[in-house]
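Written out below as C-alpha cells is the structure these notes cover.
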Amino acid sequence: MTISLFTAIVFAGSLLAGFLGALTGLGGGVVVVPLLTLLLGVDIRYAMGASLVSVIATSSGAAAAYVREGFSNIRIGMFLEIATTLGALVGAYLATRLHGSTIGIVFGCVLLFSAYFSWHGHKQTGGESTPDRLAHMLKLEGSYPAAGGQREYRARRVPLGFGMMFGAGTLSGLLGIGSGAMKVLAMDQAMGLPFKVSTTTSNFMIGVTAAASAGIYLSRGFLEPGLAMPVMLGVLAGSLLGARVLVKAQSRSIRIVFSLVIVALAIEMIFNSVKGRL
Amino acid sequence: MITDIQVERSISILLISGVLLAAVVVLLGGVLYLAHQGGQHPDYHVFRGVAADLRSPTMVVRKAFAGRPDAIIQIGLLLLILTPVARVLFSIFAFLSERDYMYVVMTVIVLAVLLYSLLEG
C-alpha cells in the first residue's frame, strides 16, 4: 500500500468516526484509535497521537459555537481544568512508560464504559441543588437560557467532581481521547449541574485538557505528521457534518448501533492486547 | 471593563480562527507531503517515535521554513495545540479586567501546566 492510498483510507475512516462521534456525543477519538490499530495495524502510540490532535480540533470548533450560545460556564470550566490538565500530565507520562498492550486493555475497558454510557443515554439527577458553601466561594454557579427565561444553578459536591475530573484528565492523556463522557459524568451526576451546561462545558474543557498531554506526546515522538494529517482533517470534517445532521436526526437508533459497534471494538481491542498483537 | 458576553464572543472567534488556520496549514503541508512522498510505503506498524527534528517546536519551525512538507504539517498541529493555550492566556486578561483575582490565579495555574508540557515535557 502506498502512502497516498493509506492516507485516503485513513481520511475516509476518520470522516466516519468524526461523524458518528458528533451524532452520539462521544467524540471521534474512541473510534479512530481502534480503527487505526485493529484495521490498519498502526502502533497504538501513533494512533493516540493522531487522535489527540483531532480531539483538540473538534472540541475547539464545537466549543466556539456553545460559548456564544451562553451554555458553557467559563468559570466552572477553568476551575475544573486545573484538575484535568494535571491529570493529563500524569496520563501522558504513564503512556510513555506503559507497554502498548497494557494501554490497549485500558482502552478496551474505557470503550465498554462509553458504550454503556451511550446506550443508557442520560438520566436526570434530582431537583434543586442544596446550598453549597464551597461552590459559592469558588463562584461555581451561573444561569443558562431555558424556556421561560434564564435558569439559575449552582454546583455541589465540588471535591468529588474535582477528583473525577483528575481521573478524566488522566484517561485523556493515557489514551489520547477527549474522555468527554467522564467529564459530563463528573459535572452532571456528581456536581449536579444541568445536562446542557455539563455537555457544553465538557466540550470547552476537552481542548485544554488534550493540549496538556500534547506537549509530552510531541517530545516523545507520538505525533506522526503523515498519520495525524488525514486523521485530524477527516475527524474535523466529519464532526462538522455530524453537528449539522444532529439537529434533524432522531439519534436513538444511531446510539444503539454505535454502542454495539463500540462493544465489538472493545472486545477485539482487549483480546488483541492480551494476545500481545497490539 | 469588558462584559461576559464580549468575552464569550472573543473566545469563540479565537477558537474558530485557531482551528481554521491550523487546518489550512495541515492541508497545505499534506498536499506537499503526498506530492513528494505519496508513492512511498507507510511504516507505522512498529513504534520508533518520529524523527528528532519533528519533536521540538523550535526544530519544527526551522524545518518548516526550509520547506519540508512533514514539518509544515507539524506546524499546523502546533498551531492547533496552541489554540486552547491562547484561549487560556486570553482568559487571564478577561478575568483581570473583571478584577476577579481568584480566577486570575486559577487560570495562571492552568497556563503553567500547559507551558510546562509544551516546553519541558
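How things are named: the first chain in the C-alpha cells is A, the next is B, and so on; residues count from 1 in each chain; ligands count from 1 in the order shown.
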- Query: What's the 10 Å shell around Thr37 of chain A, counting only C-alpha atoms, without same-chain residues fewer than 6 positions away, as an NGL selection string?
  - Reply: (:A and (43-48 or 104 or 269 or 272 or 277-278)) or (:B and (44-45))
- Message: Using only C-alpha atoms, which protein or nucleic acid residues come within 9 Å of Ala52 of chain B? Drop anything in the same chain fewer than 3 positions from it, and give the result as a ChimeraX atom specification.
- Response: /A:219,221 /B:49,55-56,59
Could you name the residues that touch segment 144-158 of chain A at 12 Å or less, counting only C-alpha atoms, but leaving out those on the same chain fewer than 3 positions away, as a PDB file with C-alpha atoms, in the first residue's frame?
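Just written: selection_36.pdb:
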ATOM      1  CA  TYR A  66     -21.567  26.688  22.507  1.00  0.00           C
ATOM      2  CA  VAL A  67     -19.713  29.523  24.241  1.00  0.00           C
ATOM      3  CA  ARG A  68     -21.523  32.003  22.033  1.00  0.00           C
ATOM      4  CA  GLU A  69     -24.909  30.469  22.877  1.00  0.00           C
ATOM      5  CA  GLY A  70     -24.224  31.022  26.585  1.00  0.00           C
ATOM      6  CA  PHE A  71     -24.471  27.422  27.790  1.00  0.00           C
ATOM      7  CA  SER A  72     -20.820  26.789  28.699  1.00  0.00           C
ATOM      8  CA  ASN A  73     -19.755  28.016  32.121  1.00  0.00           C
ATOM      9  CA  ARG A  75     -15.545  29.728  35.406  1.00  0.00           C
ATOM     10  CA  ILE A  76     -16.575  26.176  36.225  1.00  0.00           C
ATOM     11  CA  GLY A  77     -14.609  25.030  33.181  1.00  0.00           C
ATOM     12  CA  PHE A  79     -11.637  25.688  37.841  1.00  0.00           C
ATOM     13  CA  LEU A  80     -12.006  22.064  36.738  1.00  0.00           C
ATOM     14  CA  ALA A  83      -7.733  19.005  37.711  1.00  0.00           C
ATOM     15  CA  GLY A 127     -34.146  18.511  41.504  1.00  0.00           C
ATOM     16  CA  GLU A 128     -32.790  21.679  43.085  1.00  0.00           C
ATOM     17  CA  SER A 129     -29.233  21.666  44.380  1.00  0.00           C
ATOM     18  CA  THR A 130     -28.728  22.184  48.086  1.00  0.00           C
ATOM     19  CA  PRO A 131     -26.726  25.258  49.120  1.00  0.00           C
ATOM     20  CA  ASP A 132     -23.020  24.525  48.918  1.00  0.00           C
ATOM     21  CA  ARG A 133     -20.613  26.965  50.589  1.00  0.00           C
ATOM     22  CA  LEU A 134     -17.508  25.795  48.758  1.00  0.00           C
ATOM     23  CA  ALA A 135     -19.252  26.120  45.394  1.00  0.00           C
ATOM     24  CA  HIS A 136     -20.454  29.598  46.349  1.00  0.00           C
ATOM     25  CA  MET A 137     -16.974  30.647  47.480  1.00  0.00           C
ATOM     26  CA  LEU A 138     -15.491  29.438  44.184  1.00  0.00           C
ATOM     27  CA  LYS A 139     -18.337  31.037  42.183  1.00  0.00           C
ATOM     28  CA  LEU A 140     -19.280  27.702  40.636  1.00  0.00           C
ATOM     29  CA  GLU A 141     -22.723  28.907  39.667  1.00  0.00           C
ATOM     30  CA  GLY A 161     -16.310  16.453  40.895  1.00  0.00           C
ATOM     31  CA  PHE A 162     -12.753  17.784  41.035  1.00  0.00           C
ATOM     32  CA  GLY A 163     -11.397  14.300  41.777  1.00  0.00           C
ATOM     33  CA  MET A 164     -13.362  12.733  38.922  1.00  0.00           C
ATOM     34  CA  MET A 165     -12.036  15.426  36.601  1.00  0.00           C
ATOM     35  CA  ALA A 186     -18.453  14.446  36.857  1.00  0.00           C
ATOM     36  CA  MET A 187     -20.426  17.632  36.227  1.00  0.00           C
ATOM     37  CA  ASP A 188     -23.893  16.276  35.632  1.00  0.00           C
ATOM     38  CA  GLN A 189     -24.064  13.332  38.071  1.00  0.00           C
ATOM     39  CA  ALA A 190     -21.508  14.315  40.747  1.00  0.00           C
ATOM     40  CA  MET A 191     -21.809  18.109  40.793  1.00  0.00           C
ATOM     41  CA  GLY A 192     -25.492  18.247  39.881  1.00  0.00           C
ATOM     42  CA  LEU A 193     -25.093  20.731  37.034  1.00  0.00           C
ATOM     43  CA  PRO A 194     -27.736  20.917  34.277  1.00  0.00           C
ATOM     44  CA  PHE A 195     -27.081  18.416  31.479  1.00  0.00           C
ATOM     45  CA  LYS A 196     -26.781  21.016  28.733  1.00  0.00           C
ATOM     46  CA  VAL A 197     -24.316  23.045  30.822  1.00  0.00           C
ATOM     47  CA  SER A 198     -22.318  19.853  31.556  1.00  0.00           C
ATOM     48  CA  THR A 200     -21.078  22.116  26.545  1.00  0.00           C
ATOM     49  CA  THR A 201     -18.643  22.930  29.372  1.00  0.00           C
TER      50      THR A 201
END
- Message: Report as a ChimeraX atom specification all protein, DNA and RNA residues lying within 8 Å of Ser117 of chain B, evaluated on only C-alpha atoms, omitting residues in the same chain fewer than 6 positions from it.
- Response: /A:89,212-216
Go ahead and save the residues from that selection, with C-alpha atoms, as a PDB file, in the first residue's frame.
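So the final result, stored in selection33.pdb, reads:
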ATOM      1  CA  LEU A  89       0.205  15.264  32.511  1.00  0.00           C
ATOM      2  CA  ALA A 212      -1.722  19.457  28.317  1.00  0.00           C
ATOM      3  CA  SER A 213      -0.765  15.980  27.088  1.00  0.00           C
ATOM      4  CA  ALA A 214       0.032  17.094  23.541  1.00  0.00           C
ATOM      5  CA  GLY A 215       3.342  18.683  24.536  1.00  0.00           C
ATOM      6  CA  ILE A 216       4.524  15.415  26.068  1.00  0.00           C
TER       7      ILE A 216
END
- Message: Restricting the calculation to only C-alpha atoms: of A:Ser172, A:Ser60, A:Thr7, A:Thr2, which residue gets closest to Leu15 of chain B?
- Response: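 Of A:Ser172, A:Ser60, A:Thr7, A:Thr2, the one nearest Leu15 of chain B is A:Ser60, counting only C-alpha atoms.
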- Message: What's the separation between atom CA of Val110 of chain A and atom CA of Met182 of chain A, in Å to one decimal place?
- Response: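 If I compute the distance from atom CA of Val110 of chain A to atom CA of Met182 of chain A, I get 9.7 Å.
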- Task: Identify all chain B residues at most 6 Å from chain A by counting only C-alpha atoms; ligands do not count. Present them as a count of residues only.
- Result: 28
- Query: If you measure from atom CA of Thr58 of chain B to atom CA of Val105 of chain B, what distance in Å do you get, rounded to one decimal?
  - Reply: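 Separating atom CA of Thr58 of chain B from atom CA of Val105 of chain B is a distance of 28.8 Å.
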- Query: Which polymer residues have any atom within 10 Å of an atom of Ile72 of chain B, counting only C-alpha atoms, with same-chain residues fewer than 3 positions away left out, as a list of chain:residue names?
  - Reply: A:Pro225, B:Val25, B:Val26, B:Leu27, B:Leu28, B:Gly29, B:Gly30, B:Leu32, B:Tyr33, B:Leu54, B:Val60, B:Val61, B:Arg62, B:Lys63, B:Ala64, B:Phe65, B:Ala66, B:Gly67, B:Arg68, B:Pro69, B:Ile75, B:Gly76, B:Leu77, B:Leu78
